[in-house]
Amino acid sequence: ANAVTSTAGSNSVFSSITSTGGGLGGGATNNSDAGGNGGSGGGGGHGTGAGGGVIANGGTETSGQGSAGGGGRENPNFAGGGGGGSGGAGANSPSNAVGGNGGAGSSSDISGTSTNYAGGGGGAYTGTGGTGGGGAAGAASGANNPGTAGTVNSGGGGGGANKAANPNLAGNGGSGVVILRFLTSAGSPNIGVGLTSTTTTSGNDTIITFTAGS
């Protein structure tokens with residue numbers, strides 16, 4: 001069931017701003033294994049019926065933050081929906097044993113380089129990850145083909161495991177990142193103990209990138 005195989009992402013909080021964690025991905029135990037709701041919705045798992053249609057809905061998104069997850073198919077098609085990305089919805093499983101692709105992330109140049117963030121993970125089987133660090137699903141055959149993890153410091157979703165794999169072999173979500181950009185003339189903030197960061201400059205701006213800590 002969902003509660004056993006996956007969990008929702010944690011919220012990220014900066015001052016008064018809260019970014020909601022991504023919704024969990026649906027499992028594969030019954031026809032109610034929908035994706036969880038979150039900043040972006042998780043992809044639906046596959047059900048155990050025999051009709052082969054889209055049966056497990058993707059999770060819904062938080063308004064202004066992300067996109068919905070795609071739906072998964074029931075037996076005998078056994079394929080999950082793609083997770084939603086910050087810039088686009090996850091796709092439904094399109095056909096037999098083909099997972100839905102993860103939704104696209106969003107591009108930002110706050111770091112000084114245009115980078116995509118928060119792509120959705122691909123649905124099992126075979127779904128590709130969305131641009132922005134989303135992980136691809138495990139291969140469609142074999143018992144030990146894990147989903148790919150989301151890219152580190154991208155906020156991308158992990159890819160789903162194939163149906164023959166241990167449920168724990170789904171890919172982990174990529175860790176997030178906090179980036180502050182401000183005029184160098186304004187002075188630099190004091191960085192707390194326990195935070196991992198790098199500082200660069202671009203023109204008149206200072207850019208501080210936090211990759212770990214709290």
# chains A, B, ... in the order shown; residues from 1 in each chain; ligands from 1
call {"tool": "residues_around", "arguments": {"residues": "region 180-197 of chain A", "least_positions_apart": "2", "cutoff": "12 Å", "atoms": "only C-alpha atoms", "output": "NGL selection string"}}
result
:A and (14 or 109-112 or 153 or 177-178 or 199-214)
call {"tool": "write_last_selection", "arguments": {"atoms": "N, CA, C and O atoms", "output": "mmCIF file, in the first residue's frame"}}
result
data_model
loop_
_atom_site.group_PDB
_atom_site.id
_atom_site.type_symbol
_atom_site.label_atom_id
_atom_site.label_comp_id
_atom_site.auth_asym_id
_atom_site.auth_seq_id
_atom_site.Cartn_x
_atom_site.Cartn_y
_atom_site.Cartn_z
ATOM 1 N N PHE A 14 11.214 28.988 4.133
ATOM 2 C CA PHE A 14 12.167 30.089 4.236
ATOM 3 C C PHE A 14 11.384 31.328 4.625
ATOM 4 O O PHE A 14 10.524 31.790 3.876
ATOM 5 N N ASP A 109 17.506 31.187 -13.873
ATOM 6 C CA ASP A 109 18.909 31.574 -13.994
ATOM 7 C C ASP A 109 19.408 32.296 -12.739
ATOM 8 O O ASP A 109 20.410 33.011 -12.780
ATOM 9 N N ILE A 110 18.733 32.097 -11.606
ATOM 10 C CA ILE A 110 19.122 32.769 -10.375
ATOM 11 C C ILE A 110 20.547 32.417 -9.959
ATOM 12 O O ILE A 110 21.246 33.212 -9.335
ATOM 13 N N SER A 111 21.008 31.222 -10.338
ATOM 14 C CA SER A 111 22.359 30.788 -9.963
ATOM 15 C C SER A 111 23.436 31.392 -10.849
ATOM 16 O O SER A 111 24.630 31.214 -10.591
ATOM 17 N N GLY A 112 23.030 32.113 -11.881
ATOM 18 C CA GLY A 112 23.974 32.637 -12.857
ATOM 19 C C GLY A 112 24.024 31.807 -14.119
ATOM 20 O O GLY A 112 24.576 32.233 -15.134
ATOM 21 N N ASN A 153 20.228 18.123 -5.573
ATOM 22 C CA ASN A 153 20.040 19.573 -5.535
ATOM 23 C C ASN A 153 19.224 20.118 -6.709
ATOM 24 O O ASN A 153 19.367 21.272 -7.090
ATOM 25 N N VAL A 177 17.388 22.687 -3.119
ATOM 26 C CA VAL A 177 18.420 23.717 -3.062
ATOM 27 C C VAL A 177 17.748 25.049 -2.736
ATOM 28 O O VAL A 177 16.594 25.284 -3.103
ATOM 29 N N VAL A 178 18.455 25.891 -1.989
ATOM 30 C CA VAL A 178 17.999 27.262 -1.720
ATOM 31 C C VAL A 178 19.064 28.213 -2.253
ATOM 32 O O VAL A 178 20.246 28.077 -1.921
ATOM 33 N N THR A 199 29.464 30.497 -2.238
ATOM 34 C CA THR A 199 29.206 31.889 -2.584
ATOM 35 C C THR A 199 29.950 32.254 -3.858
ATOM 36 O O THR A 199 31.145 31.982 -3.993
ATOM 37 N N THR A 200 29.223 32.825 -4.809
ATOM 38 C CA THR A 200 29.816 33.285 -6.061
ATOM 39 C C THR A 200 29.292 34.696 -6.341
ATOM 40 O O THR A 200 28.420 35.210 -5.632
ATOM 41 N N THR A 201 29.826 35.317 -7.380
ATOM 42 C CA THR A 201 29.334 36.624 -7.797
ATOM 43 C C THR A 201 29.006 36.606 -9.281
ATOM 44 O O THR A 201 29.564 35.819 -10.057
ATOM 45 N N SER A 202 28.092 37.482 -9.670
ATOM 46 C CA SER A 202 27.733 37.655 -11.072
ATOM 47 C C SER A 202 27.402 39.120 -11.277
ATOM 48 O O SER A 202 26.369 39.610 -10.775
ATOM 49 N N GLY A 203 28.288 39.842 -11.951
ATOM 50 C CA GLY A 203 28.087 41.270 -12.121
ATOM 51 C C GLY A 203 28.057 41.973 -10.774
ATOM 52 O O GLY A 203 29.003 41.849 -9.970
ATOM 53 N N ASN A 204 26.987 42.685 -10.487
ATOM 54 C CA ASN A 204 26.856 43.410 -9.215
ATOM 55 C C ASN A 204 26.225 42.583 -8.107
ATOM 56 O O ASN A 204 25.963 43.110 -7.021
ATOM 57 N N ASP A 205 25.967 41.309 -8.382
ATOM 58 C CA ASP A 205 25.239 40.464 -7.442
ATOM 59 C C ASP A 205 26.133 39.425 -6.756
ATOM 60 O O ASP A 205 27.107 38.933 -7.337
ATOM 61 N N THR A 206 25.755 39.104 -5.530
ATOM 62 C CA THR A 206 26.318 37.959 -4.816
ATOM 63 C C THR A 206 25.275 36.843 -4.821
ATOM 64 O O THR A 206 24.079 37.097 -4.645
ATOM 65 N N ILE A 207 25.730 35.618 -5.027
ATOM 66 C CA ILE A 207 24.834 34.452 -5.086
ATOM 67 C C ILE A 207 25.306 33.436 -4.061
ATOM 68 O O ILE A 207 26.457 32.986 -4.109
ATOM 69 N N ILE A 208 24.443 33.111 -3.110
ATOM 70 C CA ILE A 208 24.747 32.102 -2.106
ATOM 71 C C ILE A 208 23.833 30.895 -2.350
ATOM 72 O O ILE A 208 22.602 31.036 -2.377
ATOM 73 N N THR A 209 24.441 29.728 -2.516
ATOM 74 C CA THR A 209 23.700 28.501 -2.801
ATOM 75 C C THR A 209 23.819 27.562 -1.606
ATOM 76 O O THR A 209 24.934 27.153 -1.253
ATOM 77 N N PHE A 210 22.690 27.229 -0.998
ATOM 78 C CA PHE A 210 22.646 26.320 0.151
ATOM 79 C C PHE A 210 22.227 24.941 -0.344
ATOM 80 O O PHE A 210 21.171 24.785 -0.975
ATOM 81 N N THR A 211 23.040 23.935 -0.036
ATOM 82 C CA THR A 211 22.777 22.576 -0.519
ATOM 83 C C THR A 211 22.509 21.565 0.590
ATOM 84 O O THR A 211 22.124 20.434 0.299
ATOM 85 N N ALA A 212 22.693 21.952 1.846
ATOM 86 C CA ALA A 212 22.436 21.025 2.943
ATOM 87 C C ALA A 212 22.355 21.800 4.243
ATOM 88 O O ALA A 212 22.850 22.930 4.341
ATOM 89 N N GLY A 213 21.740 21.176 5.249
ATOM 90 C CA GLY A 213 21.675 21.775 6.579
ATOM 91 C C GLY A 213 20.316 22.364 6.862
ATOM 92 O O GLY A 213 19.404 22.392 6.047
ATOM 93 N N SER A 214 20.181 22.849 8.112
ATOM 94 C CA SER A 214 18.927 23.448 8.530
ATOM 95 C C SER A 214 19.192 24.447 9.647
ATOM 96 O O SER A 214 20.270 24.479 10.212
#
call {"tool": "residues_around", "arguments": {"residues": "Ala79 (chain A)", "least_positions_apart": "5", "cutoff": "7 Å", "atoms": "only C-alpha atoms", "output": "list in words"}}
result
His46, Gly72, Arg73, Ser93, Ala97, Val98, Gly99, Gly123, Ala124 and Tyr125 of chain A
call {"tool": "closest_residue", "arguments": {"among": "A:Gly44, A:Gly81, A:Ser106, A:Gly38", "to": "Thr60 (chain A)", "atoms": "only C-alpha atoms"}}
result
A:Gly38
call {"tool": "residues_around", "arguments": {"residues": "Gly85 (chain A)", "least_positions_apart": "5", "cutoff": "7 Å", "atoms": "only C-alpha atoms", "output": "ChimeraX atom specification"}}
result
/A:40,66-67,90,102-105,118-120,130
call {"tool": "atom_distance", "arguments": {"atom1": "CA of Gly176 (chain A)", "atom2": "CA of Gly156 (chain A)"}}
result
8.0 Å
call {"tool": "residues_around", "arguments": {"residues": "Thr62 (chain A)", "least_positions_apart": "2", "cutoff": "12 Å", "atoms": "only C-alpha atoms", "output": "PyMOL selection string"}}
result
chain A and resi 11+18-23+36-42+59-60+64-69+84-86
